[in-house]
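Heads up, the thing below is written out as structure tokens.
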Amino acid sequence: MAKKKINLALQGGGAHGAYTWGVLDRLLEEPEIEIAGISGTSAGALNGAAIKSGLSKGGTAEKARDHLETLWEQVGALTDPRMEPWLSLFPPSLISKTIENSPLYAMGERLSQVVSPYDTPFAETNPLERIVSKFEFDDICCESGPAFHICATNVRSGKIRVFTRDDITVDAIMASACLPTLFRAIEIHDPSTDRLEPYWDGGYTGNPALFPLYDPALPNDVVIININPLHREEMPTSGRDIQNRINEISFNSSLLRELRAIDFVHRLLEDGSLTQGSMKDVFIHMIADDALMNQLSVATKLVPNPAVLAQLKAAGRAAASQFLEHHLGDLGHRSSVDLRTMFG
């Protein structure tokens, strides 16, 4: 039986990217699925790099799963291991509040509002760099395996830049994950301007970018792994909750714009304004857990506690299993997300 080929669109969201790890871990187990293309931002770029390096040059799904596990073991090791045993006893919502209310986190949060990363030497290096520098870039940049794209935001122009093949370097991945309130911009040569350009997190302009997956050589199905909740029922009223919701909305805005454009193309194809085949008819799918993500906040994005990472991975695996149970048959035939209702 021919495998169902899919493209993956991997959102950024700091340590919440462990949810994506769980989803990918389950999808890689599925014998009927083949990953043909990947677009990732920030944490999605890290997850995508782990998959790409595992699947390229005749690699296997098991190798890709191993690379993902190694990545997130290292991310979890960035925090104090003494916190993990007792925090693992509590639900994610309580862990989030515990981190938010800790004096160290509160101090860092306040400092980030008044102190620029350019005012302190501690912001020169992102702790993720020592993890990213261990990636196998010969495998990540090679032609075999899934097509792989990551994006960052050009600080001067405010435009998205998509990196692929040999353009994907340690600096490119670090740029894709560069939060401007915490770290100095990453400078990368831009051939279009022939100078070093500063880059910030790609989530501001593409979280993730879908348009690289419209390549005619790639399949029609785009599976978005969403880790920033689209909907939050409770009205935020505290300063911290307001800032958290602003963060979620801003990092979803580019994705929603692209989904609205896809819905517009669908309408034009349906009413005959566009002839079939003149534009790619993309099938959209989404794997998300807004109920879980509504219990978390920016605090659990920035502080990769191993207990939360484990819970996020388990939730991702469960969500992927549910998606496969209900929508595996949709792949290659139709969208499982009703964009008309989403934007109605």
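Note on naming: chains are A, B, ... as they come in the structure tokens, residues start from 1 per chain, ligands start from 1 in the order shown.
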
Next on the checklist: Which residues are close to Arg232 of chain A, i.e. within 12 Å by only C-alpha atoms, leaving aside same-chain residues fewer than 3 positions away? Reply as a list in words.
Outcome noted: Asn228, Pro229, Met235, Pro236, Asp241, Ile242, Asn244, Arg245, Ile246, Glu248, Ile249, Asp289, Asp290, Ala291, Leu292, Met293, Asn294, Gln295, Leu296 and Ser297 of chain A

Next on the checklist: Give me, as a PyMOL selection string, all polymer residues having an atom no more than 7 Å from segment 16-32 of chain A, counting only C-alpha atoms and skipping those fewer than 4 positions away in the same chain.
Outcome noted: chain A and resi 3-4+12+43-44+47+61+65+68+225+227+301+309+312-317+319-321

Checklist entry - Within 9 Å of Thr169 of chain A, counting only C-alpha atoms, which residues qualify if same-chain residues fewer than 5 places away don't, as a list in words? => result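 Near Thr169 of chain A, the qualifying residues are Ser133, Phe137, Cys141, Phe163 and Met174 of chain A.
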
Next on the checklist: Please return, as a VMD selection string, all residues of segment 237-332 of chain A that DSSP assigns to alpha helix (DSSP H) on the basis of the backbone.
Outcome noted: chain A and resid 239 to 270 290 to 293 298 to 302 306 to 327

Next on the checklist: For a test of reading the model, state the distance in Å between atom CA of Asp221 of chain A and atom CA of Lys5 of chain A, rounded to one decimal.
Outcome noted: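 If I compute the distance from atom CA of Asp221 of chain A to atom CA of Lys5 of chain A, I get 7.5 Å.
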
Return as a tab-separated table the residues of segment 7-53 of chain A lying at most 12 Å from segment 255-277 of chain A, together with the closest atom-to-atom pair for each and the distance in Å to one decimal, counting only C-alpha atoms, with rows in chain order and ascending residue number.
residue	atom	partner	partner_atom	distance
A:Ala9	CA	A:Leu255	CA	9.9
A:Leu10	CA	A:Leu255	CA	10.8
A:Gln11	CA	A:Leu255	CA	9.0
A:Gly12	CA	A:Leu255	CA	11.3
A:Gly40	CA	A:Leu255	CA	11.9
A:Thr41	CA	A:Leu255	CA	11.4

Item to check | Which residue of A:His285, A:Arg130, A:Arg184, A:His189 approaches Asn220 of chain A most closely, using only C-alpha atoms | outcome: A:His285

Checklist entry - So which bits of segment 197-296 of chain A end up strand (DSSP E) when you DSSP the backbone, as a list in words? => result Glu197, Pro198, Tyr199, Trp200, Asp221, Val222, Val223, Ile224, Ile225, Asn226, Phe283, Ile284, His285, Met286, Ile287 and Ala288 of chain A

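For Ala152 of chain A, the list of residues within 6 Å, based on only C-alpha atoms and with local chain neighbours fewer than 2 positions off taken out, reads A:Ile160, A:Arg161, A:Ala175, A:Ser176, A:Asp201, A:Gly202.
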